[in-house]
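A short write-up of the structure that comes next.
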Amino acid sequence: MADQISLTVNGETRRSAARTVAELVAELGFKPEKVAVERNGVIAPRSAHGETPVADGDVLEIVHFVGGGDHTDSWSVAGHTFHSRLIVGTGKYKDFAQNAAAVEASGAEIVTVAVRRVNVSDPNAPMLTDYIDPKKITYLPNTAGCFTADEAIRTLRLAREAGGWELVKLEVLGEARTLYPDMRETLKATEILAKEGFKPMVYCTDDPIAAKQLEEAGAVAVMPLGAPIGSGLGIQNRVTIRLIVEGASVPVLVDAGVGTASDAAVAMELGCDGVLMNTAIAEAKDPLRMARAMKLAVEAGRDAYLAGRMGTRKYADPSSPLAGLI
């Protein structure tokens with residue numbers, strides 16, 4: 001065994017049998033193409049790692065890329081971690097370019113996408129993937145427009161075949177006027193999809209019992225409506241949303257009904273893990289500005305929840321002490 005030398009690597013002293021930078025990188029278990037090395041204050045070119053010697057007393061820094069910024073308040077669903085708590089839809093925009101710009105302004109890392117037939121008469125027609133890169137933004141295929149469990153399951157099987165997605169959004173609607181979920185069909189679809197390896201995030205009524213049943217059936221997140229889809233009415237029942245949050249062991253995201261930034265903030269103040277919206281941004285007079293507003297509202301609501309709001313009182317309580325009043 002070769003004599004060992006003493007090196008300082010990333011501020012720590014260690015013994016090593018390596019005689020070149022390449023041998024040291026290999027000894028530490030790193031892939032050379034993923035790290036950069038500085039030896040005694042001088043960068044060691046990757047192409048020369050095999051010829052760059054290391055000697056007793058050398059000081060080396062070995063670095064790689066990590067995500068920047070403060071992401072301590074991330075959230076996870078089915079093994080995927082995200083830093084934005086805002087999910088946006090991809091319908092109702094005037095074109096794909098505006099949609100892509102709104103997604104960027106919102107800071108969202110997930111977009112919901114409907115599964116629709118391709119235009120067989122024009123295979124070169126623009127597609128959403130031409131504008132929003134699924135390698136950079138997580139696509140969440142959904143079952144918008146499905147009114148039975150069988151329709152929803154078929155749609156998501158096709159989605160998995162098209163893009164390999166297992167993290168999906170399930171919604172099974174009861175009827176067209178209210179677009180309320182049919183919870184019997186939704187629960188049935190959840191059970192089947194979970195058995196097939198899907199990770200369904202499930203749109204549901206704002207019912208704590210139904211939400212818990214979905215979780216037990218295999219939902220990786222529950223998504224109670226704040227108000228009817230596309231209504232912009234805001235969160236109509238804060239009590240039940242809060243009860244769902246308190247009883248859930250999976251992420252809870254308000255889905256549907258958000259109309260403006262204050263609605264998004266309320267959802268987050270209730271302790272929800274995130275908010276999903278489409279119409280509130282797409283149908284705003286200035287979608288990009290509204291997207292930015294929603295981003296800030298979600299962040300503000302989350303901060304307010306973590307800060308812990310003051311208690312409510314039946315009567316006034318002066319901010320300034322009355323003792324010593326002139």
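Residue numbers start at 1 in each chain; chains themselves are named A, B, ... in the order of the structure tokens; ligands are numbered from 1 in the order shown.
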Counting only C-alpha atoms, what are the residues of stretch 192-284 of chain A within 10 Å of stretch 296-318 of chain A, and for each of them which pair of atoms is the nearest and at what distance in Å, to one decimal? Sort the table by chain and rising number, as a tab-separated table.
```
residue	atom	partner	partner_atom	distance
A:Thr260	CA	A:Ala297	CA	9.1
A:Ala261	CA	A:Ala297	CA	5.4
A:Ser262	CA	A:Ala297	CA	6.7
A:Asp263	CA	A:Ala297	CA	8.4
A:Ala264	CA	A:Val298	CA	5.7
A:Ala265	CA	A:Gly301	CA	4.2
A:Val266	CA	A:Gly301	CA	6.4
A:Ala267	CA	A:Gly301	CA	7.4
A:Met268	CA	A:Gly301	CA	4.7
A:Glu269	CA	A:Tyr305	CA	4.6
A:Leu270	CA	A:Tyr305	CA	6.9
A:Gly271	CA	A:Tyr305	CA	6.2
A:Cys272	CA	A:Arg302	CA	8.4
A:Asp273	CA	A:Arg302	CA	8.4
A:Gly274	CA	A:Val298	CA	7.7
A:Val275	CA	A:Val298	CA	7.7
```
- Task: as an NGL selection string, please: all residues of stretch 73-221 of chain A that backbone DSSP puts in strand (DSSP E).
- Result: :A and (75-77 or 80-82 or 86-88 or 110-114 or 138-142 or 167-170 or 199-204 or 221)
Now that the selection is made, can you save its residues with C-alpha atoms as a PDB file, in the first residue's frame?
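As a result, again_14.pdb now contains:
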```pdb
ATOM      1  CA  TRP A  75     -42.861  21.068   0.125  1.00  0.00           C
ATOM      2  CA  SER A  76     -42.940  17.533  -1.227  1.00  0.00           C
ATOM      3  CA  VAL A  77     -45.471  15.275  -2.867  1.00  0.00           C
ATOM      4  CA  HIS A  80     -40.992  15.291  -5.679  1.00  0.00           C
ATOM      5  CA  THR A  81     -39.830  18.466  -3.927  1.00  0.00           C
ATOM      6  CA  PHE A  82     -40.905  21.953  -4.990  1.00  0.00           C
ATOM      7  CA  LEU A  86     -48.309  27.987  -6.645  1.00  0.00           C
ATOM      8  CA  ILE A  87     -49.541  25.644  -9.381  1.00  0.00           C
ATOM      9  CA  VAL A  88     -51.010  27.159 -12.519  1.00  0.00           C
ATOM     10  CA  ILE A 110     -45.853  22.784 -11.838  1.00  0.00           C
ATOM     11  CA  VAL A 111     -48.438  23.311 -14.572  1.00  0.00           C
ATOM     12  CA  THR A 112     -51.585  21.282 -15.101  1.00  0.00           C
ATOM     13  CA  VAL A 113     -52.117  20.072 -18.645  1.00  0.00           C
ATOM     14  CA  ALA A 114     -55.195  18.573 -20.245  1.00  0.00           C
ATOM     15  CA  THR A 138     -43.253  19.674 -14.062  1.00  0.00           C
ATOM     16  CA  TYR A 139     -46.269  18.739 -16.148  1.00  0.00           C
ATOM     17  CA  LEU A 140     -49.241  17.509 -14.134  1.00  0.00           C
ATOM     18  CA  PRO A 141     -51.609  15.754 -16.553  1.00  0.00           C
ATOM     19  CA  ASN A 142     -55.204  16.163 -15.470  1.00  0.00           C
ATOM     20  CA  LEU A 167     -47.747  12.137 -10.763  1.00  0.00           C
ATOM     21  CA  VAL A 168     -51.163  13.202 -12.088  1.00  0.00           C
ATOM     22  CA  LYS A 169     -54.180  15.296 -11.182  1.00  0.00           C
ATOM     23  CA  LEU A 170     -57.450  13.422 -10.975  1.00  0.00           C
ATOM     24  CA  LYS A 199     -49.553   9.096  -7.829  1.00  0.00           C
ATOM     25  CA  PRO A 200     -52.890  10.922  -7.972  1.00  0.00           C
ATOM     26  CA  MET A 201     -53.375  14.428  -6.628  1.00  0.00           C
ATOM     27  CA  VAL A 202     -57.145  14.529  -6.312  1.00  0.00           C
ATOM     28  CA  TYR A 203     -59.686  17.332  -6.792  1.00  0.00           C
ATOM     29  CA  CYS A 204     -62.459  16.928  -4.236  1.00  0.00           C
ATOM     30  CA  ALA A 221     -52.452  14.986  -2.198  1.00  0.00           C
TER      31      ALA A 221
END
```
For stretch 55-139 of chain A against stretch 7-30 of chain A, with a cut-off of 12 Å and counting only C-alpha atoms, what is the closest atom pair and its distance in Å to one decimal for every residue that makes the cut, ordered by chain and number, as a Markdown table?
```
| residue | atom | partner | partner_atom | distance |
| --- | --- | --- | --- | --- |
| A:Ala55 | CA | A:Arg19 | CA | 6.8 |
| A:Asp56 | CA | A:Leu7 | CA | 6.1 |
| A:Gly57 | CA | A:Leu7 | CA | 5.3 |
| A:Asp58 | CA | A:Leu7 | CA | 5.3 |
| A:Val59 | CA | A:Thr8 | CA | 4.7 |
| A:Leu60 | CA | A:Val9 | CA | 4.9 |
| A:Glu61 | CA | A:Asn10 | CA | 4.9 |
| A:Ile62 | CA | A:Asn10 | CA | 6.5 |
| A:Val63 | CA | A:Asn10 | CA | 8.5 |
| A:His64 | CA | A:Phe30 | CA | 10.0 |
```
Store the residues picked out above in a file with all heavy atoms, as a PDB file, in the first residue's frame.
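In the end it all went to out_16.pdb:
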```pdb
ATOM      1  N   ALA A  55       0.480  16.626  -3.336  1.00  0.00           N
ATOM      2  CA  ALA A  55       1.616  16.316  -2.470  1.00  0.00           C
ATOM      3  C   ALA A  55       1.268  16.601  -1.025  1.00  0.00           C
ATOM      4  O   ALA A  55       0.294  17.299  -0.726  1.00  0.00           O
ATOM      5  CB  ALA A  55       2.831  17.124  -2.898  1.00  0.00           C
ATOM      6  N   ASP A  56       2.077  16.070  -0.141  1.00  0.00           N
ATOM      7  CA  ASP A  56       1.855  16.256   1.292  1.00  0.00           C
ATOM      8  C   ASP A  56       1.739  17.742   1.621  1.00  0.00           C
ATOM      9  O   ASP A  56       2.576  18.556   1.209  1.00  0.00           O
ATOM     10  CB  ASP A  56       3.011  15.639   2.074  1.00  0.00           C
ATOM     11  CG  ASP A  56       2.699  15.500   3.550  1.00  0.00           C
ATOM     12  OD1 ASP A  56       1.800  14.696   3.874  1.00  0.00           O
ATOM     13  OD2 ASP A  56       3.311  16.219   4.347  1.00  0.00           O
ATOM     14  N   GLY A  57       0.679  18.106   2.329  1.00  0.00           N
ATOM     15  CA  GLY A  57       0.474  19.496   2.729  1.00  0.00           C
ATOM     16  C   GLY A  57      -0.378  20.307   1.781  1.00  0.00           C
ATOM     17  O   GLY A  57      -0.701  21.471   2.082  1.00  0.00           O
ATOM     18  N   ASP A  58      -0.748  19.739   0.620  1.00  0.00           N
ATOM     19  CA  ASP A  58      -1.575  20.487  -0.335  1.00  0.00           C
ATOM     20  C   ASP A  58      -2.939  20.826   0.261  1.00  0.00           C
ATOM     21  O   ASP A  58      -3.498  20.078   1.088  1.00  0.00           O
ATOM     22  CB  ASP A  58      -1.791  19.684  -1.616  1.00  0.00           C
ATOM     23  CG  ASP A  58      -0.601  19.783  -2.564  1.00  0.00           C
ATOM     24  OD1 ASP A  58       0.340  20.540  -2.253  1.00  0.00           O
ATOM     25  OD2 ASP A  58      -0.615  19.101  -3.609  1.00  0.00           O
ATOM     26  N   VAL A  59      -3.475  21.966  -0.194  1.00  0.00           N
ATOM     27  CA  VAL A  59      -4.816  22.409   0.212  1.00  0.00           C
ATOM     28  C   VAL A  59      -5.700  22.408  -1.037  1.00  0.00           C
ATOM     29  O   VAL A  59      -5.384  23.070  -2.029  1.00  0.00           O
ATOM     30  CB  VAL A  59      -4.785  23.818   0.832  1.00  0.00           C
ATOM     31  CG1 VAL A  59      -6.202  24.286   1.171  1.00  0.00           C
ATOM     32  CG2 VAL A  59      -3.905  23.836   2.073  1.00  0.00           C
ATOM     33  N   LEU A  60      -6.786  21.655  -0.986  1.00  0.00           N
ATOM     34  CA  LEU A  60      -7.655  21.521  -2.154  1.00  0.00           C
ATOM     35  C   LEU A  60      -9.092  21.900  -1.805  1.00  0.00           C
ATOM     36  O   LEU A  60      -9.562  21.649  -0.687  1.00  0.00           O
ATOM     37  CB  LEU A  60      -7.626  20.094  -2.706  1.00  0.00           C
ATOM     38  CG  LEU A  60      -6.237  19.611  -3.173  1.00  0.00           C
ATOM     39  CD1 LEU A  60      -5.657  18.648  -2.148  1.00  0.00           C
ATOM     40  CD2 LEU A  60      -6.324  18.981  -4.554  1.00  0.00           C
ATOM     41  N   GLU A  61      -9.743  22.503  -2.790  1.00  0.00           N
ATOM     42  CA  GLU A  61     -11.176  22.774  -2.697  1.00  0.00           C
ATOM     43  C   GLU A  61     -11.851  22.014  -3.837  1.00  0.00           C
ATOM     44  O   GLU A  61     -11.436  22.118  -4.993  1.00  0.00           O
ATOM     45  CB  GLU A  61     -11.478  24.276  -2.826  1.00  0.00           C
ATOM     46  CG  GLU A  61     -10.968  25.127  -1.678  1.00  0.00           C
ATOM     47  CD  GLU A  61     -11.745  24.899  -0.387  1.00  0.00           C
ATOM     48  OE1 GLU A  61     -12.914  24.442  -0.455  1.00  0.00           O
ATOM     49  OE2 GLU A  61     -11.190  25.173   0.694  1.00  0.00           O
ATOM     50  N   ILE A  62     -12.871  21.240  -3.504  1.00  0.00           N
ATOM     51  CA  ILE A  62     -13.628  20.499  -4.507  1.00  0.00           C
ATOM     52  C   ILE A  62     -15.077  20.946  -4.407  1.00  0.00           C
ATOM     53  O   ILE A  62     -15.697  20.850  -3.343  1.00  0.00           O
ATOM     54  CB  ILE A  62     -13.512  18.981  -4.285  1.00  0.00           C
ATOM     55  CG1 ILE A  62     -12.033  18.560  -4.300  1.00  0.00           C
ATOM     56  CG2 ILE A  62     -14.293  18.220  -5.351  1.00  0.00           C
ATOM     57  CD1 ILE A  62     -11.812  17.083  -4.011  1.00  0.00           C
ATOM     58  N   VAL A  63     -15.619  21.459  -5.514  1.00  0.00           N
ATOM     59  CA  VAL A  63     -16.962  22.028  -5.483  1.00  0.00           C
ATOM     60  C   VAL A  63     -17.826  21.421  -6.586  1.00  0.00           C
ATOM     61  O   VAL A  63     -17.332  20.819  -7.542  1.00  0.00           O
ATOM     62  CB  VAL A  63     -16.933  23.567  -5.645  1.00  0.00           C
ATOM     63  CG1 VAL A  63     -16.098  24.206  -4.549  1.00  0.00           C
ATOM     64  CG2 VAL A  63     -16.396  23.964  -7.017  1.00  0.00           C
ATOM     65  N   HIS A  64     -19.141  21.581  -6.416  1.00  0.00           N
ATOM     66  CA  HIS A  64     -20.101  21.201  -7.449  1.00  0.00           C
ATOM     67  C   HIS A  64     -21.264  22.172  -7.377  1.00  0.00           C
ATOM     68  O   HIS A  64     -21.293  23.072  -6.535  1.00  0.00           O
ATOM     69  CB  HIS A  64     -20.574  19.750  -7.268  1.00  0.00           C
ATOM     70  CG  HIS A  64     -21.407  19.533  -6.040  1.00  0.00           C
ATOM     71  ND1 HIS A  64     -22.453  18.661  -5.983  1.00  0.00           N
ATOM     72  CD2 HIS A  64     -21.337  20.112  -4.806  1.00  0.00           C
ATOM     73  CE1 HIS A  64     -22.996  18.684  -4.782  1.00  0.00           C
ATOM     74  NE2 HIS A  64     -22.332  19.545  -4.052  1.00  0.00           N
TER      75      HIS A  64
END
```
- Task: Please provide as a list of chain:residue names all residues within 12 Å of A:Gly218, with the sequence filter that same-chain residues fewer than 6 positions apart are discarded (counting only C-alpha atoms).
- Result: A:Ala78, A:Leu170, A:Thr186, A:Leu187, A:Lys188, A:Ala189, A:Thr190, A:Glu191, A:Ile192, A:Leu193, A:Ala194, A:Lys195, A:Glu196, A:Gly197, A:Phe198, A:Lys199, A:Pro200, A:Met201, A:Val202, A:Ala211, A:Lys212, A:Ser249, A:Val250
- Task: With a distance cut-off of 12 Å and only C-alpha atoms, select the neighbouring residues of A:Lys285, excluding the residue or stretch itself and same-chain residues fewer than 4 positions from it, and output the selection as a ChimeraX atom specification.
- Result: /A:93-94,260,279-281,289-291
Can you spit out the residues from that selection as a CSV table (one decimal), in the first residue's frame, using N, CA, C and O atoms?
```
chain,number,residue,atom,x,y,z
A,93,TYR,N,-55.7,30.9,-22.0
A,93,TYR,CA,-54.8,32.0,-22.4
A,93,TYR,C,-55.0,32.3,-23.9
A,93,TYR,O,-55.4,31.4,-24.7
A,94,LYS,N,-54.6,33.5,-24.4
A,94,LYS,CA,-54.8,33.8,-25.8
A,94,LYS,C,-53.9,33.0,-26.7
A,94,LYS,O,-54.3,32.8,-27.8
A,260,THR,N,-58.6,36.3,-7.0
A,260,THR,CA,-57.6,37.4,-6.9
A,260,THR,C,-56.6,37.0,-5.8
A,260,THR,O,-56.7,36.0,-5.1
A,279,THR,N,-58.1,30.2,-14.2
A,279,THR,CA,-58.8,31.4,-14.7
A,279,THR,C,-58.5,32.7,-14.1
A,279,THR,O,-58.5,33.7,-14.7
A,280,ALA,N,-58.1,32.7,-12.8
A,280,ALA,CA,-57.8,33.9,-12.1
A,280,ALA,C,-56.6,34.7,-12.8
A,280,ALA,O,-56.6,35.9,-12.8
A,281,ILE,N,-55.7,33.9,-13.3
A,281,ILE,CA,-54.6,34.5,-14.0
A,281,ILE,C,-54.9,34.7,-15.5
A,281,ILE,O,-54.8,35.8,-16.1
A,289,ARG,N,-49.2,40.5,-14.9
A,289,ARG,CA,-49.2,41.2,-13.6
A,289,ARG,C,-49.9,40.4,-12.5
A,289,ARG,O,-49.5,40.3,-11.4
A,290,MET,N,-51.0,39.8,-12.9
A,290,MET,CA,-51.8,39.0,-11.9
A,290,MET,C,-51.0,37.8,-11.5
A,290,MET,O,-51.0,37.3,-10.4
A,291,ALA,N,-50.2,37.2,-12.5
A,291,ALA,CA,-49.4,36.0,-12.1
A,291,ALA,C,-48.3,36.4,-11.1
A,291,ALA,O,-48.1,35.7,-10.1
```
- Message: Using Å and a single decimal, report how far atom CA of A:Leu156 sits from atom CA of A:Gly107.
- Response: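 Calculated distance between atom CA of A:Gly107 and atom CA of A:Leu156 is 26.1 Å.
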